[in-house]
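Everything below belongs to run23.cif, which stores mmCIF, C-alpha atoms.
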```
data_model
loop_
_atom_site.label_atom_id
_atom_site.label_comp_id
_atom_site.auth_asym_id
_atom_site.auth_seq_id
_atom_site.Cartn_x
_atom_site.Cartn_y
_atom_site.Cartn_z
CA MET M 664 -19.80 24.80 18.97
CA ALA M 665 -17.30 27.58 19.50
CA ARG M 666 -16.70 30.18 16.84
CA GLU M 667 -14.52 33.27 16.54
CA VAL M 668 -16.47 36.52 16.52
CA ASN M 669 -14.93 39.83 15.51
CA LEU M 670 -16.68 43.13 16.12
CA LYS M 671 -16.15 46.62 17.48
CA VAL M 672 -17.48 47.42 20.94
CA ASN M 673 -17.39 51.06 22.02
CA GLY M 674 -14.85 51.77 19.30
CA GLU M 675 -12.45 48.98 20.25
CA ASP M 676 -11.80 45.81 18.25
CA VAL M 677 -13.01 42.69 20.01
CA SER M 678 -12.17 39.15 18.95
CA GLU M 679 -13.52 36.31 21.07
CA GLN M 680 -14.09 32.57 20.84
CA LEU M 681 -17.73 32.14 21.75
CA GLN M 682 -20.28 29.37 21.91
CA GLU M 683 -22.60 29.94 18.93
CA ASN M 684 -25.66 30.25 21.17
CA THR M 685 -24.14 33.16 23.13
CA LEU M 686 -26.44 36.18 23.21
CA LEU M 687 -25.01 39.61 22.47
CA VAL M 688 -25.91 40.72 26.01
CA ASP M 689 -23.94 37.80 27.48
CA LEU M 690 -20.89 38.66 25.38
CA LEU M 691 -21.12 42.22 26.71
CA ARG M 692 -21.78 41.41 30.36
CA GLU M 693 -20.04 38.09 30.97
CA THR M 694 -17.13 38.10 28.55
CA LEU M 695 -16.33 41.80 28.28
CA ARG M 696 -17.61 42.67 31.80
CA LEU M 697 -19.53 45.68 30.45
CA THR M 698 -22.24 45.34 33.08
CA GLY M 699 -23.92 48.68 32.39
CA THR M 700 -26.19 46.80 29.96
CA HIS M 701 -28.79 45.03 32.09
CA VAL M 702 -30.95 41.95 31.65
CA GLY M 703 -34.45 42.57 32.90
CA CYS M 704 -36.99 40.23 31.31
CA ASP M 705 -34.80 38.26 28.87
CA THR M 706 -37.89 38.06 26.62
CA SER M 707 -37.38 41.20 24.44
CA GLN M 708 -39.99 43.22 26.24
CA CYS M 709 -38.42 45.43 28.93
CA GLY M 710 -35.61 47.12 26.99
CA ALA M 711 -33.09 47.13 29.88
CA CYS M 712 -30.59 45.39 27.56
CA THR M 713 -30.83 48.02 24.81
CA VAL M 714 -27.56 48.81 23.01
CA HIS M 715 -26.78 50.32 19.62
CA LEU M 716 -25.97 47.86 16.83
CA ASN M 717 -24.57 49.75 13.85
CA GLY M 718 -26.10 52.91 15.31
CA ARG M 719 -29.61 51.61 15.96
CA ALA M 720 -31.22 50.64 19.27
CA VAL M 721 -31.71 46.89 19.63
CA LYS M 722 -32.51 44.51 22.46
CA SER M 723 -29.24 42.67 23.00
CA CYS M 724 -31.02 39.75 24.69
CA THR M 725 -32.57 38.93 21.31
CA VAL M 726 -29.48 39.05 19.11
CA LEU M 727 -26.89 36.29 18.84
CA ALA M 728 -23.32 37.47 19.30
CA VAL M 729 -22.34 35.59 16.11
CA GLN M 730 -24.85 37.70 14.15
CA CYS M 731 -22.76 40.77 15.05
CA GLU M 732 -19.66 39.66 13.10
CA GLY M 733 -18.17 42.82 11.58
CA SER M 734 -20.65 45.09 13.35
CA GLU M 735 -20.23 48.06 15.65
CA VAL M 736 -21.83 47.90 19.06
CA THR M 737 -22.15 50.81 21.47
CA THR M 738 -23.14 50.29 25.10
CA VAL M 739 -23.93 52.83 27.79
CA GLU M 740 -20.24 52.70 28.78
CA GLY M 741 -19.31 53.97 25.32
CA ILE M 742 -21.36 57.16 25.06
CA GLY M 743 -19.61 59.34 27.65
CA SER M 744 -17.29 59.31 30.65
CA PRO M 745 -17.72 60.36 34.29
CA GLU M 746 -15.81 63.55 33.41
CA LYS M 747 -17.74 64.23 30.24
CA LEU M 748 -21.23 62.80 30.30
CA HIS M 749 -23.31 62.38 27.13
CA PRO M 750 -26.01 65.12 26.96
CA MET M 751 -28.63 62.37 27.53
CA GLN M 752 -26.85 61.29 30.73
CA GLU M 753 -26.57 64.93 31.86
CA ALA M 754 -30.27 65.44 31.28
CA PHE M 755 -31.23 62.28 33.21
CA SER M 756 -29.11 63.58 36.09
CA GLU M 757 -30.51 67.13 35.94
CA CYS M 758 -34.18 66.04 35.67
CA HIS M 759 -33.80 63.10 38.06
CA GLY M 760 -34.89 60.75 35.27
CA LEU M 761 -34.47 57.65 37.39
CA GLN M 762 -35.59 56.01 40.58
CA CYS M 763 -33.94 52.62 41.21
CA GLY M 764 -31.79 53.04 38.08
CA PHE M 765 -32.18 49.53 36.69
CA CYS M 766 -33.89 50.58 33.44
CA THR M 767 -31.73 53.70 33.01
CA PRO M 768 -28.99 52.38 30.68
CA GLY M 769 -31.59 50.96 28.32
CA MET M 770 -33.71 54.11 28.52
CA ILE M 771 -30.67 56.24 27.69
CA MET M 772 -29.63 54.10 24.71
CA SER M 773 -33.19 54.04 23.32
CA ALA M 774 -33.63 57.77 23.89
CA ILE M 775 -30.41 58.63 22.05
CA ASP M 776 -31.58 56.63 19.01
CA LEU M 777 -34.99 58.31 19.29
CA VAL M 778 -33.48 61.81 19.22
CA HIS M 779 -31.27 60.84 16.29
CA ARG M 780 -34.12 59.49 14.16
CA GLU M 781 -36.92 61.99 14.91
CA GLU M 782 -36.70 65.55 13.63
CA SER M 783 -38.82 66.92 16.46
CA LEU M 784 -40.14 65.39 19.65
CA ASP M 785 -42.89 66.27 22.07
CA GLU M 786 -44.19 64.50 25.15
CA ASN M 787 -46.40 62.12 23.16
CA SER M 788 -43.77 61.14 20.63
CA ILE M 789 -41.23 60.55 23.41
CA ARG M 790 -43.67 58.30 25.26
CA GLU M 791 -44.41 56.41 22.04
CA GLY M 792 -40.74 56.25 21.12
CA LEU M 793 -39.86 54.69 24.47
CA GLU M 794 -42.57 52.02 24.30
CA GLY M 795 -39.90 49.33 24.16
CA ASN M 796 -38.52 50.28 27.58
CA ILE M 797 -40.25 49.56 30.85
CA CYS M 798 -39.57 51.38 34.14
CA ARG M 799 -40.85 49.23 36.98
CA CYS M 800 -40.67 52.22 39.35
CA THR M 801 -43.06 53.94 36.90
CA GLY M 802 -40.79 56.97 36.86
CA TYR M 803 -41.87 57.95 33.37
CA HIS M 804 -42.64 61.65 34.00
CA ASN M 805 -39.06 62.57 34.74
CA ILE M 806 -37.72 60.24 32.06
CA VAL M 807 -39.82 62.11 29.48
CA ARG M 808 -38.61 65.47 30.85
CA SER M 809 -35.02 64.22 30.65
CA VAL M 810 -35.40 63.22 27.00
CA GLU M 811 -37.04 66.57 26.15
CA LEU M 812 -34.10 68.43 27.72
CA ALA M 813 -31.52 66.13 26.12
CA ALA M 814 -33.10 66.57 22.69
CA THR M 815 -32.58 70.34 23.02
CA LYS M 816 -28.99 69.86 24.25
CA MET M 817 -28.13 67.38 21.49
CA ARG M 818 -29.49 69.68 18.78
CA ASN M 819 -27.56 72.72 19.97
CA MET U 591 -31.32 27.83 24.69
CA TYR U 592 -29.85 24.57 23.42
CA ASP U 593 -26.68 24.60 21.36
CA PHE U 594 -26.90 24.55 17.58
CA ASN U 595 -24.67 24.82 14.52
CA TYR U 596 -24.59 28.36 13.14
CA HIS U 597 -24.25 29.02 9.41
CA ARG U 598 -24.02 32.32 7.57
CA PRO U 599 -24.43 31.69 3.82
CA THR U 600 -23.97 34.45 1.28
CA SER U 601 -26.39 33.16 -1.36
CA LEU U 602 -29.85 31.62 -1.47
CA ASP U 603 -28.51 28.48 -3.16
CA GLN U 604 -25.95 28.04 -0.40
CA ALA U 605 -28.63 28.58 2.27
CA PHE U 606 -30.91 25.98 0.68
CA GLU U 607 -28.06 23.50 0.39
CA ILE U 608 -27.19 23.86 4.08
CA PHE U 609 -30.86 23.43 4.95
CA SER U 610 -31.08 20.24 2.88
CA ASN U 611 -28.01 18.79 4.57
CA SER U 612 -29.12 19.59 8.12
CA GLU U 613 -31.14 17.44 10.46
CA ASP U 614 -33.61 20.09 11.62
CA ALA U 615 -32.63 23.55 10.44
CA SER U 616 -34.27 26.94 10.87
CA TYR U 617 -33.65 30.08 8.86
CA LEU U 618 -32.87 33.16 10.97
CA ALA U 619 -34.01 36.58 9.73
CA GLY U 620 -34.54 39.26 12.41
CA GLY U 621 -34.78 36.57 15.06
CA HIS U 622 -37.51 38.27 17.06
CA THR U 623 -39.74 35.21 17.08
CA LEU U 624 -37.19 32.43 16.63
CA LEU U 625 -34.74 33.44 19.39
CA PRO U 626 -37.40 33.95 22.09
CA SER U 627 -38.96 30.60 21.05
CA MET U 628 -35.58 28.90 21.37
CA LYS U 629 -35.03 30.41 24.82
CA GLN U 630 -38.34 28.92 25.89
CA ARG U 631 -37.41 25.57 24.28
CA LEU U 632 -40.46 25.86 22.04
CA ALA U 633 -38.02 25.53 19.15
CA ALA U 634 -34.74 23.63 19.25
CA PRO U 635 -33.26 23.56 15.73
CA THR U 636 -30.02 21.64 15.22
CA ASP U 637 -28.85 24.25 12.73
CA ILE U 638 -29.43 27.99 12.45
CA ILE U 639 -29.02 29.41 8.96
CA ASP U 640 -28.58 33.17 9.30
CA LEU U 641 -29.94 34.89 6.18
CA GLY U 642 -28.30 38.18 7.26
CA GLY U 643 -25.36 37.68 4.92
CA ILE U 644 -27.49 37.52 1.75
CA SER U 645 -27.64 41.12 0.62
CA SER U 646 -29.97 40.38 -2.32
CA LEU U 647 -32.79 39.85 0.21
CA GLU U 648 -32.80 43.50 1.27
CA GLY U 649 -34.22 46.61 -0.33
CA ILE U 650 -37.33 48.38 -1.56
CA LYS U 651 -38.08 49.21 -5.18
CA SER U 652 -40.93 50.26 -7.40
CA GLU U 653 -41.55 48.16 -10.54
CA SER U 654 -44.33 49.53 -12.78
CA ASP U 655 -47.53 48.72 -10.89
CA GLU U 656 -45.90 46.86 -7.99
CA LEU U 657 -43.98 47.85 -4.87
CA VAL U 658 -41.32 45.22 -4.21
CA ILE U 659 -39.92 44.73 -0.72
CA GLY U 660 -37.02 42.36 0.01
CA ALA U 661 -37.81 39.78 2.68
CA LEU U 662 -34.96 40.85 4.95
CA THR U 663 -36.03 44.52 5.03
CA ASN U 664 -36.75 45.47 8.63
CA HIS U 665 -39.92 47.14 9.89
CA ASP U 666 -38.22 50.47 10.53
CA GLU U 667 -36.85 50.59 6.98
CA VAL U 668 -40.36 50.02 5.62
CA ALA U 669 -41.93 52.52 8.03
CA THR U 670 -39.46 55.29 7.13
CA SER U 671 -39.09 54.57 3.39
CA ALA U 672 -40.06 57.55 1.25
CA LEU U 673 -40.86 55.14 -1.58
CA VAL U 674 -43.27 53.05 0.52
CA SER U 675 -44.89 56.23 1.89
CA SER U 676 -45.52 57.57 -1.61
CA GLU U 677 -46.56 54.29 -3.29
CA ILE U 678 -48.52 52.42 -0.58
CA PRO U 679 -48.61 54.61 2.55
CA SER U 680 -50.79 52.12 4.46
CA ILE U 681 -47.85 49.67 4.52
CA ALA U 682 -45.53 52.30 6.01
CA LYS U 683 -48.12 53.08 8.66
CA LEU U 684 -48.67 49.39 9.42
CA ALA U 685 -44.91 48.86 9.84
CA SER U 686 -44.57 51.90 12.11
CA ASN U 687 -47.01 50.36 14.60
CA ILE U 688 -45.41 46.92 14.92
CA GLY U 689 -44.02 46.19 18.40
CA ASP U 690 -41.65 48.90 19.59
CA ALA U 691 -38.69 50.83 18.18
CA GLN U 692 -36.05 48.21 19.04
CA VAL U 693 -38.20 45.40 17.62
CA ARG U 694 -38.75 47.40 14.41
CA ASN U 695 -34.99 47.79 14.05
CA ARG U 696 -34.54 43.99 13.91
CA GLY U 697 -37.78 42.30 12.87
CA THR U 698 -38.20 41.74 9.14
CA ILE U 699 -41.15 41.71 6.75
CA GLY U 700 -40.21 38.28 5.40
CA GLY U 701 -39.84 36.81 8.87
CA SER U 702 -43.23 38.11 9.89
CA ILE U 703 -44.95 36.75 6.77
CA ALA U 704 -43.20 33.36 6.77
CA ASN U 705 -43.98 32.91 10.47
CA SER U 706 -47.70 33.57 9.90
CA ASP U 707 -48.40 34.46 13.53
CA PRO U 708 -52.20 34.77 13.85
CA ALA U 709 -51.79 38.25 15.40
CA ALA U 710 -49.07 39.63 13.10
CA ASP U 711 -49.83 42.75 11.04
CA TYR U 712 -48.07 42.09 7.71
CA PRO U 713 -50.20 39.08 6.67
CA ALA U 714 -53.20 41.43 6.52
CA ALA U 715 -51.40 43.70 4.03
CA VAL U 716 -50.19 40.74 1.95
CA LEU U 717 -53.67 39.24 1.67
CA GLY U 718 -55.51 42.58 1.52
CA LEU U 719 -53.43 43.82 -1.38
CA GLY U 720 -53.28 40.42 -3.07
CA ALA U 721 -49.49 40.40 -3.10
CA ARG U 722 -47.25 37.91 -4.86
CA LEU U 723 -44.67 36.10 -2.75
CA VAL U 724 -41.45 35.31 -4.54
CA THR U 725 -39.40 32.40 -3.18
CA ASN U 726 -36.21 30.70 -4.32
CA LYS U 727 -38.42 28.23 -6.19
CA ARG U 728 -41.61 29.92 -7.40
CA VAL U 729 -44.12 32.73 -7.05
CA ILE U 730 -47.03 32.16 -4.65
CA LYS U 731 -50.25 34.17 -4.67
CA ALA U 732 -51.32 35.66 -1.33
CA ASP U 733 -54.63 33.79 -1.55
CA ASP U 734 -52.71 30.49 -1.59
CA PHE U 735 -50.01 31.40 0.94
CA PHE U 736 -51.52 31.50 4.43
CA VAL U 737 -52.66 28.02 5.41
CA ASP U 738 -53.22 28.00 9.17
CA MET U 739 -51.76 29.20 12.47
CA PHE U 740 -47.97 29.43 11.94
CA GLU U 741 -48.42 27.49 8.69
CA THR U 742 -47.86 28.74 5.16
CA ALA U 743 -47.55 27.23 1.69
CA LEU U 744 -43.75 27.42 1.99
CA GLU U 745 -42.23 23.96 1.61
CA GLU U 746 -39.35 22.55 3.65
CA GLY U 747 -36.34 24.78 3.12
CA GLU U 748 -38.12 27.16 0.73
CA ILE U 749 -37.00 30.77 1.28
CA LEU U 750 -39.23 33.82 0.93
CA GLN U 751 -37.20 36.23 -1.17
CA GLU U 752 -39.37 39.27 -1.84
CA ILE U 753 -42.95 40.45 -1.67
CA LYS U 754 -44.56 42.17 -4.65
CA PHE U 755 -47.45 44.38 -3.60
CA PRO U 756 -49.74 45.61 -6.40
CA LYS U 757 -50.28 49.35 -5.98
CA PRO U 758 -53.90 49.97 -5.01
CA ASP U 759 -55.97 53.08 -5.74
CA LYS U 760 -56.46 53.41 -2.00
CA SER U 761 -55.75 51.28 1.04
CA ALA U 762 -55.80 51.49 4.82
CA TYR U 763 -55.00 49.35 7.85
CA GLN U 764 -56.64 49.70 11.23
CA LYS U 765 -55.92 47.57 14.27
CA LEU U 766 -56.79 47.34 17.90
CA PRO U 767 -53.35 46.72 19.37
CA ASN U 768 -52.85 44.64 22.47
CA PRO U 769 -51.79 47.33 24.96
CA ALA U 770 -48.70 45.40 26.09
CA SER U 771 -47.37 43.64 22.99
CA ARG U 772 -48.84 45.83 20.21
CA TYR U 773 -49.81 42.63 18.39
CA ALA U 774 -53.17 42.99 16.68
CA VAL U 775 -56.14 41.82 18.76
CA VAL U 776 -57.89 42.43 15.43
CA GLY U 777 -56.42 44.20 12.41
CA VAL U 778 -58.25 44.95 9.15
CA PHE U 779 -56.55 45.83 5.87
CA ILE U 780 -58.71 47.15 3.04
CA ALA U 781 -57.56 47.87 -0.51
CA SER U 782 -59.50 49.11 -3.49
CA ARG U 783 -58.34 48.85 -7.08
CA ASN U 784 -60.36 49.50 -10.22
CA GLY U 785 -63.58 49.36 -8.21
CA SER U 786 -62.93 46.01 -6.61
CA VAL U 787 -62.36 45.81 -2.86
CA ARG U 788 -60.36 43.30 -0.82
CA VAL U 789 -60.68 43.00 2.95
CA ALA U 790 -58.19 40.93 4.97
CA ILE U 791 -58.45 40.38 8.70
CA THR U 792 -55.64 39.37 11.05
CA GLY U 793 -55.68 38.66 14.80
CA ALA U 794 -59.26 37.41 14.79
CA ALA U 795 -58.81 33.78 13.73
CA PRO U 796 -56.04 31.14 13.62
CA SER U 797 -54.83 32.65 10.35
CA VAL U 798 -55.40 35.82 8.34
CA PHE U 799 -58.55 35.56 6.19
CA ARG U 800 -60.65 37.52 3.69
CA ALA U 801 -64.14 38.72 4.57
CA PRO U 802 -66.31 38.17 1.45
CA GLU U 803 -69.40 39.86 2.84
CA LEU U 804 -67.51 43.05 3.68
CA GLU U 805 -65.84 42.91 0.26
CA SER U 806 -69.09 42.58 -1.70
CA ARG U 807 -70.90 45.28 0.25
CA LEU U 808 -67.98 47.70 -0.11
CA SER U 809 -67.62 46.89 -3.82
CA GLU U 810 -71.28 47.84 -4.24
CA SER U 811 -71.08 51.02 -2.18
CA PHE U 812 -67.82 52.18 -0.65
CA SER U 813 -69.05 53.77 2.56
CA VAL U 814 -69.04 53.19 6.31
CA GLU U 815 -72.84 52.80 6.18
CA ALA U 816 -72.58 49.92 3.71
CA ILE U 817 -71.05 47.65 6.36
CA GLU U 818 -72.80 49.13 9.39
CA ASN U 819 -75.02 46.11 10.04
CA VAL U 820 -72.73 43.29 8.99
CA THR U 821 -72.20 40.60 11.62
CA LEU U 822 -69.30 38.18 11.30
CA GLU U 823 -69.62 34.61 12.59
CA SER U 824 -67.78 34.36 15.89
CA GLU U 825 -67.64 30.56 15.71
CA LEU U 826 -64.24 30.43 14.03
CA MET U 827 -62.73 33.38 15.91
CA ASN U 828 -59.99 33.09 18.51
CA ASP U 829 -61.19 33.16 22.09
CA ASP U 830 -58.48 33.81 24.69
CA MET U 831 -57.39 35.99 27.61
CA HIS U 832 -56.98 38.98 25.29
CA ALA U 833 -60.47 38.99 23.80
CA SER U 834 -63.52 36.74 23.52
CA ALA U 835 -64.61 35.38 20.15
CA ALA U 836 -67.74 37.56 20.16
CA TYR U 837 -65.68 40.68 20.90
CA ARG U 838 -63.26 39.84 18.10
CA ALA U 839 -66.14 39.34 15.65
CA SER U 840 -67.47 42.74 16.59
CA LEU U 841 -64.02 44.35 16.35
CA CYS U 842 -63.65 43.08 12.77
CA VAL U 843 -66.51 45.32 11.65
CA VAL U 844 -65.42 48.25 13.84
CA MET U 845 -61.87 48.17 12.47
CA ALA U 846 -63.19 47.74 8.91
CA LYS U 847 -65.36 50.83 9.35
CA ARG U 848 -62.37 52.81 10.60
CA ALA U 849 -60.29 51.67 7.64
CA VAL U 850 -63.06 52.67 5.22
CA ALA U 851 -63.31 56.09 6.91
CA ASP U 852 -59.52 56.49 6.51
CA MET U 853 -59.72 55.63 2.81
CA LEU U 854 -62.57 58.09 2.22
CA LYS U 855 -60.37 60.85 3.66
CA ILE U 856 -57.71 60.16 1.00
CA SER U 857 -58.60 62.26 -2.02
#
```
Starting from the file, lay out its structure as structure tokens.
Amino acid sequence: MAREVNLKVNGEDVSEQLQENTLLVDLLRETLRLTGTHVGCDTSQCGACTVHLNGRAVKSCTVLAVQCEGSEVTTVEGIGSPEKLHPMQEAFSECHGLQCGFCTPGMIMSAIDLVHREESLDENSIREGLEGNICRCTGYHNIVRSVELAATKMRN
Amino acid sequence: MYDFNYHRPTSLDQAFEIFSNSEDASYLAGGHTLLPSMKQRLAAPTDIIDLGGISSLEGIKSESDELVIGALTNHDEVATSALVSSEIPSIAKLASNIGDAQVRNRGTIGGSIANSDPAADYPAAVLGLGARLVTNKRVIKADDFFVDMFETALEEGEILQEIKFPKPDKSAYQKLPNPASRYAVVGVFIASRNGSVRVAITGAAPSVFRAPELESRLSESFSVEAIENVTLESELMNDDMHASAAYRASLCVVMAKRAVADMLKIS
């Protein structure tokens, strides 16, 4: 059945008629054409679909769009702009925190939540904090360096 | 996943009424088991009743000698709660090691307990501490709650509302996590209160269970040495690609020893 869903995405009001079994990631990608959020495994393991739901990192392949009524969603498109990147995006660029780039949006959204919720981070806590995101290129070293640098930038 | 009717009640009574009037309904909490199961067509409910709109199901409070956690409280809220960390720190630690950060932001304590996955962590804490499970109809003792794999004493449509954990003198949880999923290959929760010891084991068998021999030995002498030579029967243990039954039986004692060592460190 179709149902009206109202939420905020990247600060803008969104109101859409959706099938009730629509996943949040499909609302973002297919309806709103925000294709920065990726679908990797579709089984809540890889983290490529990570977005912020009311400020916290979640896997948008495992949330129904109708559950987000009245919520605020932020995707990778909503954290910065090409002219003014988010400090996490800057750090991924400076430290070359990506190889093929497929996992990058999810990594960035998880890493921002990680920096927000942890008072201090070191290599181990970053690796543990990013357990819900998989990089098939295995480019973890530079991803960890990127998050370390971004944490310093975000706290200054 | 197949289509379904979605409902978002704002009270337990309303939720139960919708359930009663539906052909084959499922309650939705954090959705981190139900939604993946529906994608795989392992579950195909006609009606989804989202409990997310019932605010009375959330929250953590301390009531005399019990810590009370609302069923819809997510794992991250439990892991980072100052109240949980001061009253029963082993529960906060257990919650902090479930799945990954994104899963902990959605998955709920009530969902985990009501689902009774054989490898879930929370059932060990519920049974180990001898918690009381409050539903919309009654209060169920932990010892009567877990029936079998994915099967609990909850009746059709009955909703787990909150979990009341008696505060122990000391408690600890140790698990060997599966390296990919972080589910417990074997997890052991031990609690001591007024000299009596409870040991609950998850991951090892179709459902969480108590280990009477470990309990009696530890009640007699609370030390790692007291359970050094205990052997658990591997006959009833799970045997799968993650671990053989014999390995799981051995892990039960290893994890129990680690939990005891943790508890001895707490002054």
_Please return as a list in words every residue within 10 Å of (-62.8, 31.2, 16.6), taking into account only C-alpha atoms and the file's own coordinates._
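Result, sorted by chain then residue number: Ala794, Ala795, Pro796, Glu823, Ser824, Glu825, Leu826, Met827, Asn828, Asp829, Asp830, Ser834, Ala835, Ala836, Arg838 and Ala839 of chain U.
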*chain M contacts to chain U at 6 Å (only C-alpha atoms) as an MDAnalysis selection string*: chainID M and resid 684 720:721 794:795
Selection above as a file: C-alpha atoms, as a PDB file, keeping the file's coordinate frame:
```pdb
ATOM      1  CA  ASN M 684     -25.660  30.250  21.170  1.00  0.00           C
ATOM      2  CA  ALA M 720     -31.220  50.640  19.270  1.00  0.00           C
ATOM      3  CA  VAL M 721     -31.710  46.890  19.630  1.00  0.00           C
ATOM      4  CA  GLU M 794     -42.570  52.020  24.300  1.00  0.00           C
ATOM      5  CA  GLY M 795     -39.900  49.330  24.160  1.00  0.00           C
TER       6      GLY M 795
END
```
*Residue members of the PyMOL selection byres ((chain M and resi 787) around 12) in the file shown, as a list in words*: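 Checked against the file, the PyMOL selection byres ((chain M and resi 787) around 12) matches Ser783, Leu784, Asp785, Glu786, Ser788, Ile789, Arg790, Glu791, Gly792, Leu793, Glu794, Tyr803, His804, Val807, Arg808, Val810 and Glu811 of chain M.
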*asked:* Since I can't run it myself right now, could you work out what the PyMOL selection byres ((chain U and resi 718) around 12) selects here and report it as number ranges by chain?
replied: U: 680-681, 711-717, 719-722, 731-733, 755-758, 760-763, 777-783, 786-792, 798-802, 805, 846, 849
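Shortest separation to Leu602 in chain U among U:Glu741, U:Glu748, U:Glu656, U:Asp614 occurs at residue U:Glu748, atoms counted being all atoms listed in the file.
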*Considering only C-alpha atoms, state which residue in the set M:Leu681, M:Cys798, M:Met817, M:Ile742 is at the smallest distance from Gly710 in chain M.*
M:Cys798
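Closest approach to Lys727 in chain U among U:Ala709, U:Phe606, U:Glu803, U:Asn768: U:Phe606, based on only C-alpha atoms.
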*Distance in Å - CA of Lys671 in chain M versus CA of Gln730 in chain M*: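 Those two atoms sit 12.9 Å apart.
Across M:Glu683, M:Leu748, M:Val688, M:Ala814, the tightest approach to Val778 in chain M is made by M:Ala814 when counting all atoms listed in the file.
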Expand the PyMOL selection byres ((chain U and resi 766) around 7) into the explicit residue set it covers here, and present it as a tab-separated table (two decimals) with C-alpha atoms, keeping the file's coordinate frame.
```
chain	number	residue	atom	x	y	z
U	765	LYS	CA	-55.92	47.57	14.27
U	767	PRO	CA	-53.35	46.72	19.37
U	768	ASN	CA	-52.85	44.64	22.47
U	774	ALA	CA	-53.17	42.99	16.68
U	775	VAL	CA	-56.14	41.82	18.76
U	776	VAL	CA	-57.89	42.43	15.43
U	777	GLY	CA	-56.42	44.20	12.41
```
_Interatomic distance, CA of Ser809 in chain U to CA of Glu653 in chain U (Å, one decimal)_ = 27.0 Å
*asked:* Could you check the closest approach to His832 in chain U for each of U:Ser806, U:Met628, U:Ser797, U:Tyr773 and tell me which residue wins, using only C-alpha atoms?
replied: U:Tyr773
*Any idea what the distance is between CA of Leu670 in chain M and CA of Val736 in chain M?*
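Separation between CA of Leu670 in chain M and CA of Val736 in chain M: 7.6 Å.
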*asked:* Excluding Glu740 in chain M and its own-chain neighbours fewer than 4 positions away, which residues fall within 12 Å of it when counting all atoms listed in the file? Please give them as a ChimeraX atom specification.
replied: /M:672-674,691-692,695-701,714-715,736,744-745,747-749,752,768-769,771-772
*asked:* Env of Ile608 in chain U: 8 Å cut, atoms = all atoms listed in the file, seq-sep filter 4 positions within chain, self excluded. Answer as a list in words.
replied: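 Close residues of Ile608 in chain U: His597, Gln604, Ser612 and Ile639 of chain U.
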